[in-house]
$ cat structure02.tsv   # TSV, C-alpha atoms
chain	number	residue	atom	x	y	z
A	1	MET	CA	-12.63	7.46	-1.79
A	2	PHE	CA	-14.98	8.44	-4.62
A	3	THR	CA	-17.21	11.44	-3.92
A	4	GLY	CA	-19.12	13.99	-5.95
A	5	PRO	CA	-21.37	13.84	-9.00
A	6	VAL	CA	-21.11	10.63	-11.00
A	7	GLU	CA	-20.94	12.60	-14.27
A	8	ASP	CA	-17.80	14.41	-13.10
A	9	ARG	CA	-16.21	11.24	-11.77
A	10	LEU	CA	-16.88	9.52	-15.10
A	11	ALA	CA	-15.39	12.46	-17.01
A	12	ILE	CA	-12.21	12.24	-14.91
A	13	ARG	CA	-12.08	8.49	-15.49
A	14	GLU	CA	-12.32	9.18	-19.21
A	15	LEU	CA	-9.48	11.73	-18.84
A	16	HIS	CA	-7.31	8.94	-17.38
A	17	ASP	CA	-8.38	6.67	-20.25
A	18	ARG	CA	-7.51	9.31	-22.90
A	19	TYR	CA	-4.14	9.85	-21.22
A	20	SER	CA	-3.41	6.10	-21.18
A	21	ASP	CA	-4.41	5.66	-24.81
A	22	ALA	CA	-2.19	8.57	-25.86
A	23	VAL	CA	0.76	7.05	-23.96
A	24	CYS	CA	0.29	3.70	-25.73
A	25	ARG	CA	0.19	5.46	-29.10
A	26	ILE	CA	3.01	7.85	-28.10
A	27	ASP	CA	0.80	10.71	-29.31
A	28	ALA	CA	2.05	14.00	-27.86
A	29	GLY	CA	-0.92	16.00	-29.18
A	30	ASP	CA	-3.57	13.83	-27.55
A	31	TRP	CA	-1.46	13.40	-24.39
A	32	GLY	CA	-0.91	17.14	-24.09
A	33	ASP	CA	-4.64	17.78	-24.56
A	34	CYS	CA	-5.19	16.21	-21.12
A	35	TRP	CA	-3.32	19.04	-19.32
A	36	ALA	CA	-4.36	22.54	-18.28
A	37	GLU	CA	-2.19	25.31	-19.76
A	38	ASP	CA	-0.86	26.23	-16.29
A	39	ALA	CA	-0.41	22.64	-15.09
A	40	VAL	CA	2.42	21.35	-12.92
A	41	TRP	CA	3.98	17.89	-13.27
A	42	GLU	CA	6.14	16.49	-10.50
A	43	PHE	CA	7.94	13.62	-12.14
A	44	MET	CA	10.97	11.63	-11.00
A	45	GLY	CA	12.30	14.42	-8.76
A	46	MET	CA	11.65	17.19	-11.28
A	47	THR	CA	8.98	19.89	-11.24
A	48	ILE	CA	7.84	20.95	-14.70
A	49	GLU	CA	5.54	23.97	-14.99
A	50	GLY	CA	3.24	24.81	-17.88
A	51	LYS	CA	1.74	22.59	-20.55
A	52	PRO	CA	4.33	23.41	-23.27
A	53	ALA	CA	7.25	22.42	-21.00
A	54	ILE	CA	5.42	19.31	-19.78
A	55	VAL	CA	4.73	18.12	-23.34
A	56	GLU	CA	8.30	18.90	-24.42
A	57	LEU	CA	9.79	16.82	-21.60
A	58	TRP	CA	7.39	13.93	-22.25
A	59	THR	CA	8.05	13.96	-25.99
A	60	GLY	CA	11.78	13.75	-25.41
A	61	ALA	CA	11.41	10.95	-22.87
A	62	MET	CA	9.07	8.92	-25.06
A	63	ALA	CA	11.42	9.15	-28.07
A	64	GLY	CA	13.64	6.54	-26.43
A	65	PHE	CA	10.97	3.83	-26.29
A	66	ASP	CA	10.21	1.28	-28.99
A	67	ALA	CA	6.80	0.54	-27.44
A	68	VAL	CA	4.81	1.31	-24.31
A	69	SER	CA	1.80	-0.37	-22.74
A	70	PHE	CA	0.19	1.83	-20.10
A	71	ILE	CA	-2.84	1.09	-17.95
A	72	ALA	CA	-4.25	3.51	-15.38
A	73	VAL	CA	-6.69	2.56	-12.62
A	74	PRO	CA	-8.32	5.33	-10.58
A	75	ALA	CA	-7.95	4.72	-6.86
A	76	ALA	CA	-9.77	7.87	-5.67
A	77	ILE	CA	-11.67	10.80	-7.17
A	78	GLU	CA	-13.09	13.53	-4.94
A	79	ILE	CA	-15.02	16.34	-6.64
A	80	ASP	CA	-15.32	19.82	-5.13
A	81	GLY	CA	-17.12	22.05	-7.63
A	82	ASP	CA	-14.81	22.75	-10.58
A	83	ARG	CA	-11.82	21.25	-8.78
A	84	ALA	CA	-11.05	17.70	-7.78
A	85	THR	CA	-8.30	15.52	-6.34
A	86	GLY	CA	-7.51	11.88	-6.81
A	87	ARG	CA	-5.04	9.04	-7.00
A	88	CYS	CA	-4.39	6.77	-9.95
A	89	GLN	CA	-2.37	3.55	-10.01
A	90	THR	CA	-0.47	2.63	-13.15
A	91	HIS	CA	0.96	-0.48	-14.75
A	92	GLU	CA	3.49	0.03	-17.54
A	93	ILE	CA	5.49	-2.20	-19.82
A	94	LEU	CA	8.25	-0.20	-21.46
A	95	VAL	CA	10.39	-1.51	-24.33
A	96	GLU	CA	13.67	0.26	-25.01
A	97	LYS	CA	16.34	-1.06	-27.38
A	98	GLY	CA	14.68	-4.46	-27.34
A	99	ARG	CA	14.69	-4.74	-23.54
A	100	SER	CA	11.56	-4.51	-21.46
A	101	ARG	CA	10.79	-3.41	-17.95
A	102	ILE	CA	7.60	-3.40	-15.95
A	103	ALA	CA	6.73	-0.58	-13.60
A	104	GLY	CA	3.87	0.06	-11.21
A	105	GLY	CA	3.34	3.66	-10.24
A	106	LEU	CA	1.10	6.08	-8.42
A	107	TYR	CA	-0.14	9.49	-9.49
A	108	GLU	CA	-1.50	11.95	-6.96
A	109	ASP	CA	-3.62	14.36	-8.96
A	110	ALA	CA	-5.36	17.71	-8.85
A	111	PHE	CA	-7.92	18.41	-11.57
A	112	VAL	CA	-9.61	21.54	-12.84
A	113	LYS	CA	-12.78	21.84	-14.91
A	114	ARG	CA	-12.43	24.47	-17.64
A	115	ASP	CA	-14.98	25.14	-20.37
A	116	GLY	CA	-16.82	21.99	-19.29
A	117	ARG	CA	-13.74	19.72	-19.57
A	118	TRP	CA	-11.75	18.13	-16.77
A	119	LEU	CA	-7.98	18.53	-17.12
A	120	TYR	CA	-4.90	17.72	-15.08
A	121	ALA	CA	-3.89	20.77	-13.04
A	122	LYS	CA	-1.15	18.92	-11.19
A	123	ARG	CA	0.23	15.39	-11.30
A	124	ASN	CA	2.79	13.94	-8.94
A	125	PHE	CA	4.17	10.60	-10.13
A	126	ARG	CA	6.34	8.08	-8.38
A	127	VAL	CA	7.31	4.51	-9.16
A	128	ILE	CA	6.06	2.08	-6.53
A	129	ALA	CA	7.60	-1.14	-7.90
A	130	GLU	CA	9.74	-2.04	-10.89
A	131	HIS	CA	10.86	-5.27	-12.52
A	132	ARG	CA	13.56	-5.57	-15.18
A	133	PRO	CA	13.55	-9.07	-16.64
A	134	GLU	CA	17.02	-9.72	-18.02
$ encode --input "structure02.tsv" --output "structure tokens"
Amino acid sequence: MFTGPVEDRLAIRELHDRYSDAVCRIDAGDWGDCWAEDAVWEFMGMTIEGKPAIVELWTGAMAGFDAVSFIAVPAAIEIDGDRATGRCQTHEILVEKGRSRIAGGLYEDAFVKRDGRWLYAKRNFRVIAEHRPE
């Protein structure tokens, strides 16, 4: 469901777009700029707390990839003042050591608006489907 002011929903959509672009460019600075300082990331059975730790984990994980294509499609955005929740579906092509895999995932998100900017306050990611062409 999509509820709340269109301007806020658009700003969150642009947050997803900035995040996706940073993933494709493997740019830790721009990717990290999408997160609140006190954010929480639940990722592959781990819980990472705080933006510095989140960016550190991501940087290490991304170092193993030769290339990444990442597309995010918002499935829901619900605004409640300076907080929001949502879901975002992803499609990734990951190339590692010359081998590729395709993954479809789902983020369940909480957002916070700080100093006029929407940021991720919490993201919970899980893989929904994966294909490894061999």
$ residues_around --input "structure02.tsv" --residues "Asp66 in chain A" --least-positions-apart "3" --cutoff "10 Å" --atoms "only C-alpha atoms" --output "ChimeraX atom specification"
/A:26,62-63,94-100
$ residues_around --input "structure02.tsv" --residues "Arg123 in chain A" --least-positions-apart "3" --cutoff "8 Å" --atoms "all atoms listed in the file" --output "list in words"
Val40, Trp41, Glu42, Phe43, Tyr107, Glu108, Asp109, Ala110 and Tyr120 of chain A
$ residues_around --input "structure02.tsv" --residues "Glu7 in chain A" --least-positions-apart "3" --cutoff "12 Å" --atoms "all atoms listed in the file" --output "short mmCIF file (atom, residue, chain, number, x, y, z; two decimals) with C-alpha atoms, in the coordinates of the input"
data_model
loop_
_atom_site.label_atom_id
_atom_site.label_comp_id
_atom_site.auth_asym_id
_atom_site.auth_seq_id
_atom_site.Cartn_x
_atom_site.Cartn_y
_atom_site.Cartn_z
CA THR A 3 -17.21 11.44 -3.92
CA GLY A 4 -19.12 13.99 -5.95
CA LEU A 10 -16.88 9.52 -15.10
CA ALA A 11 -15.39 12.46 -17.01
CA ILE A 12 -12.21 12.24 -14.91
CA ARG A 13 -12.08 8.49 -15.49
CA GLU A 14 -12.32 9.18 -19.21
CA ILE A 77 -11.67 10.80 -7.17
CA ILE A 79 -15.02 16.34 -6.64
CA GLY A 116 -16.82 21.99 -19.29
CA ARG A 117 -13.74 19.72 -19.57
CA TRP A 118 -11.75 18.13 -16.77
#
$ closest_residue --input "structure02.tsv" --among "A:Phe125, A:Phe65, A:Phe2, A:Phe70" --to "Asp17 in chain A" --atoms "all atoms listed in the file"
A:Phe70
$ atom_distance --input "structure02.tsv" --atom1 "CA of Asp38 in chain A" --atom2 "CA of Lys51 in chain A"
6.2 Å
$ closest_residue --input "structure02.tsv" --among "A:Glu130, A:Ala103, A:Ala121, A:Arg9" --to "Gly50 in chain A" --atoms "all atoms listed in the file"
A:Ala121
$ residues_around --input "structure02.tsv" --residues "Cys34 in chain A" --least-positions-apart "4" --cutoff "8 Å" --atoms "all atoms listed in the file" --output "JSON, numbers by chain"
{"A": [15, 18, 19, 30, 119, 120]}
$ atom_distance --input "structure02.tsv" --atom1 "CA of Ile102 in chain A" --atom2 "CA of Ala129 in chain A"
8.4 Å
$ closest_residue --input "structure02.tsv" --among "A:Val55, A:Ala22, A:Ile48, A:Glu92" --to "Trp35 in chain A" --atoms "all atoms listed in the file"
A:Val55
$ atom_distance --input "structure02.tsv" --atom1 "CA of Trp31 in chain A" --atom2 "CA of Arg87 in chain A"
18.3 Å
$ closest_residue --input "structure02.tsv" --among "A:Ile128, A:Ala84, A:Ala28, A:Leu106" --to "Leu57 in chain A" --atoms "all atoms listed in the file"
A:Ala28
